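*Asks:* One structure is given below, represented as structure tokens, and several questions about it will come after.
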Amino acid sequence: MRAVVFDRPHHFRVLDVDDPRPGPEEVRLRSVATGVCGTDRHLLAGGFMARFPLIPGHEIVAEVEWLGERVEGLTIGELVAVDNTVLCGHCAPCRRDQPLYCENFSSLGVTGPGGFADLLVARAEKCFPLDGLDPMTAVLTEPLACALHGADVLALRPGSDVLLFGAGPTGLLLAQLLVHGGAARVTVAAPGPHKLEAARLLGADETVRIDRTDPRRAVRRLRSLAPSGFDAVIEATGVPAVLAICPELTRSGGTVLVYGMAGADDTVPFSPYEIFSRELTIKGSFAQTHCFDRALLALRTGRIRTEGVITDRFPLERFGDALSAVAGSTSIKAVVMG
Ligand SMILES: [Zn+2]
Ligand SMILES: [Zn+2]
């Protein structure tokens with residue numbers, strides 16, 4: 001089969017590799033649509049949990065084409081969204097019902113073979129049938145599942161005034177969850193005018209353009225919207241300079257949510273006195289487990305809308321163009337089609 005292979009940092013090829021074979025409780029799947037994510041760029045650079053060689057692709061919609069001998073409840077030809085997380089079940093966090101902190105956490109497309117290939121293997125219980133949902137909608141299940149976990153962590157109080165930095169695919173999904181999760185007002189701040197327009201169409205009340213290289217320039221404008229600060233400020237860009245301005249934009253007693261993935265060695269300066277004296281809470285949200293069913297339901301009912309989120313489609317051979325597209329300012333989500 002053909003597969004994208006990251007073989008060393010900053011280098012990949014599209015290669016012919018052996019077809020994978022499913023174990024007794026696994027299925028073999030034929031890729032239909034796999035989303036390209038900022039995480040893929042971090043992985044290619046050798047960051048996050050990268051282990052080379054790697055077949056990336058963790059936002060996977062695929063067709064069941066071979067059932068392991070003990071698999072029940074799936075049929076050949078069925079389309080599924082694949083929960084990419086693999087949890088060991090026996091480490092200390094798993095045994096205390098905190099599987100997201102699994103000491104052996106692994107993920108299809110991050111630490112093991114993923115969806116940027118003709119075929120992949122997944123555990124049967126991680127496959128969620130689409131039941132007629134359009135694959136181009138369902139390909140957003142994984143990012144939405146992560147955003148749902150972020151909303152769980154944030155635990156927003158109804159009537160809150162919320163500021164969200166970032167209007168990429170995740171920002172656009174999170175913004176809608178905030179709207180439906182009881183925010184009285186959602187302000188989205190991001191550099192790209194196209195992305196801000198998409199955020200507005202999907203329900204953001206206010207949009208503010210920021211300069212990626214100097215986000216501090218937007219502080220005055222954001223302060224004018226909420227002179228006492230926002231109840232919750234969410235950093236979904238992964239840019240340390242953006243996180244650095246979050247505490248001062250947060251209302252006393254409010255919460256900063258670190259959602260975007262920064263580099264492992266990045267640091268952010270802020271005033272401990274401000275956190276202390278204004279009783280700010282800083283929370284983190286990483287990936288998800290067990291959120292796929294809710295994400296699929298929200299996509300199925302249309303409660304979470306996807307218009308304008310997928311901007312580009314590429315065949316597997318043009319994976320490099322897909323990666324470049326998501327780094328640009330006009331593209332939002334690129335999808336590699338099987
Ligand atoms: Zn992703
Ligand atoms: Zn574990």
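Each chain of the structure tokens is named A, B, ... in the order shown, its residues numbered from 1; ligands are numbered from 1 in display order.
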Run DSSP on the backbone and tell me which residues of segment 153-277 of chain A come out as alpha helix (DSSP H); list them as a PyMOL selection string.

*Replies:* chain A and resi 153-154+169-180+193-201+219-225+240-244+272-277

*Asks:* Once you have the residues from the selection above, write them out as a CSV table (one decimal), in the first residue's frame, restricted to N, CA and C atoms.

*Replies:*
chain,number,residue,atom,x,y,z
A,153,VAL,N,-13.2,20.6,30.6
A,153,VAL,CA,-12.2,21.1,31.5
A,153,VAL,C,-12.5,22.5,31.9
A,154,LEU,N,-12.9,23.3,30.9
A,154,LEU,CA,-13.2,24.7,31.2
A,154,LEU,C,-14.4,24.8,32.2
A,169,PRO,N,-9.4,25.3,12.8
A,169,PRO,CA,-10.5,24.3,12.9
A,169,PRO,C,-10.9,24.2,14.4
A,170,THR,N,-9.9,24.0,15.3
A,170,THR,CA,-10.2,23.9,16.7
A,170,THR,C,-10.9,25.1,17.2
A,171,GLY,N,-10.4,26.3,16.9
A,171,GLY,CA,-11.1,27.5,17.4
A,171,GLY,C,-12.5,27.6,16.9
A,172,LEU,N,-12.8,27.2,15.7
A,172,LEU,CA,-14.1,27.3,15.1
A,172,LEU,C,-15.1,26.3,15.8
A,173,LEU,N,-14.5,25.2,16.2
A,173,LEU,CA,-15.4,24.2,16.9
A,173,LEU,C,-15.6,24.6,18.3
A,174,LEU,N,-14.5,25.0,19.0
A,174,LEU,CA,-14.6,25.5,20.4
A,174,LEU,C,-15.5,26.6,20.5
A,175,ALA,N,-15.5,27.6,19.6
A,175,ALA,CA,-16.3,28.8,19.7
A,175,ALA,C,-17.8,28.4,19.7
A,176,GLN,N,-18.1,27.4,18.9
A,176,GLN,CA,-19.5,26.9,18.9
A,176,GLN,C,-19.9,26.2,20.2
A,177,LEU,N,-19.0,25.4,20.7
A,177,LEU,CA,-19.3,24.7,22.0
A,177,LEU,C,-19.5,25.7,23.1
A,178,LEU,N,-18.7,26.8,23.0
A,178,LEU,CA,-18.9,27.9,24.1
A,178,LEU,C,-20.2,28.5,23.9
A,179,VAL,N,-20.6,28.8,22.6
A,179,VAL,CA,-21.9,29.4,22.4
A,179,VAL,C,-23.0,28.5,23.0
A,180,HIS,N,-22.9,27.2,22.7
A,180,HIS,CA,-24.0,26.3,23.1
A,180,HIS,C,-23.8,25.9,24.6
A,193,PRO,N,-8.2,37.2,8.4
A,193,PRO,CA,-9.5,37.7,8.2
A,193,PRO,C,-10.5,36.7,7.7
A,194,HIS,N,-10.0,35.7,6.9
A,194,HIS,CA,-10.9,34.6,6.4
A,194,HIS,C,-11.4,33.8,7.6
A,195,LYS,N,-10.5,33.5,8.5
A,195,LYS,CA,-10.8,32.7,9.7
A,195,LYS,C,-11.8,33.4,10.6
A,196,LEU,N,-11.6,34.7,10.8
A,196,LEU,CA,-12.5,35.5,11.6
A,196,LEU,C,-13.9,35.6,11.0
A,197,GLU,N,-13.9,35.7,9.6
A,197,GLU,CA,-15.2,35.7,9.0
A,197,GLU,C,-15.9,34.3,9.2
A,198,ALA,N,-15.2,33.2,9.1
A,198,ALA,CA,-15.8,31.9,9.4
A,198,ALA,C,-16.3,31.9,10.8
A,199,ALA,N,-15.5,32.4,11.8
A,199,ALA,CA,-15.9,32.4,13.2
A,199,ALA,C,-17.2,33.2,13.4
A,200,ARG,N,-17.3,34.3,12.7
A,200,ARG,CA,-18.5,35.1,12.8
A,200,ARG,C,-19.7,34.4,12.2
A,201,LEU,N,-19.5,33.7,11.1
A,201,LEU,CA,-20.6,32.9,10.5
A,201,LEU,C,-21.1,31.8,11.4
A,219,VAL,N,-4.2,44.3,22.8
A,219,VAL,CA,-4.7,44.3,24.2
A,219,VAL,C,-5.7,45.5,24.4
A,220,ARG,N,-5.3,46.6,23.9
A,220,ARG,CA,-6.2,47.8,24.1
A,220,ARG,C,-7.6,47.6,23.6
A,221,ARG,N,-7.7,47.0,22.3
A,221,ARG,CA,-9.0,46.8,21.7
A,221,ARG,C,-9.8,45.7,22.5
A,222,LEU,N,-9.1,44.7,23.0
A,222,LEU,CA,-9.7,43.6,23.7
A,222,LEU,C,-10.2,44.1,25.1
A,223,ARG,N,-9.4,45.0,25.7
A,223,ARG,CA,-9.7,45.6,27.0
A,223,ARG,C,-11.0,46.5,26.8
A,224,SER,N,-11.1,47.2,25.7
A,224,SER,CA,-12.2,48.0,25.5
A,224,SER,C,-13.5,47.2,25.4
A,225,LEU,N,-13.4,46.0,25.0
A,225,LEU,CA,-14.6,45.1,24.9
A,225,LEU,C,-15.0,44.6,26.3
A,240,PRO,N,3.3,31.2,22.4
A,240,PRO,CA,3.6,31.6,23.8
A,240,PRO,C,3.3,33.1,24.0
A,241,ALA,N,3.6,34.0,23.0
A,241,ALA,CA,3.3,35.4,23.1
A,241,ALA,C,1.8,35.7,23.3
A,242,VAL,N,1.0,34.8,22.8
A,242,VAL,CA,-0.5,35.0,23.0
A,242,VAL,C,-0.9,34.6,24.4
A,243,LEU,N,-0.3,33.5,24.9
A,243,LEU,CA,-0.6,33.1,26.3
A,243,LEU,C,-0.2,34.1,27.3
A,244,ALA,N,0.9,34.8,26.9
A,244,ALA,CA,1.5,35.8,27.8
A,244,ALA,C,0.5,36.9,28.1
A,272,PRO,N,3.4,36.2,39.0
A,272,PRO,CA,2.7,35.3,40.0
A,272,PRO,C,1.8,36.2,40.9
A,273,TYR,N,2.2,37.4,41.1
A,273,TYR,CA,1.4,38.3,42.0
A,273,TYR,C,0.0,38.5,41.4
A,274,GLU,N,0.0,38.6,40.1
A,274,GLU,CA,-1.4,38.8,39.5
A,274,GLU,C,-2.2,37.5,39.6
A,275,ILE,N,-1.6,36.3,39.5
A,275,ILE,CA,-2.4,35.1,39.6
A,275,ILE,C,-2.9,35.0,41.1
A,276,PHE,N,-2.0,35.3,42.0
A,276,PHE,CA,-2.3,35.3,43.5
A,276,PHE,C,-3.3,36.3,43.9
A,277,SER,N,-3.1,37.6,43.5
A,277,SER,CA,-3.9,38.6,44.1
A,277,SER,C,-5.3,38.7,43.4

*Asks:* Excluding Arg70 of chain A and residues on its chain fewer than 3 positions from it, collect all residues at most 12 Å away from it, counting only C-alpha atoms, and give them as a PyMOL selection string.

*Replies:* chain A and resi 22-27+66-67+73-74+123-125

*Asks:* Do a neighbour search on Val326 of chain A at 12 Å with only C-alpha atoms, toss out local chain neighbours closer than 3 positions, and write the hits as number ranges by chain.

*Replies:* A: 35-41, 168-169, 309-314, 319-323, 329-336

*Asks:* Kindly indicate which residue among A:Gly68, A:Gly263, A:Gly57, A:Gly302 lies nearest to His42 of chain A, using only C-alpha atoms for the distances.

*Replies:* A:Gly263

*Asks:* What's around Pro99 of chain A at 8 Å? Count only C-alpha atoms, leave out sequence neighbours fewer than 6 positions away in its own chain, and write the answer as a list in words.

*Replies:*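 These residues fall inside the cut-off: Leu87, Gly89, Pro93 and Thr289 of chain A.
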
*Asks:* Counting only C-alpha atoms, which residue out of A:Ala218, A:Leu316, A:Ala325, A:Ile234 sits closest to Leu119 of chain A?

*Replies:* A:Leu316

*Asks:* Quick one: pick out all strand (DSSP E or B) residues within segment 196-274 of chain A from a backbone DSSP run and write them as a PyMOL selection string.

*Replies:* chain A and resi 206-209+230-235+250-258
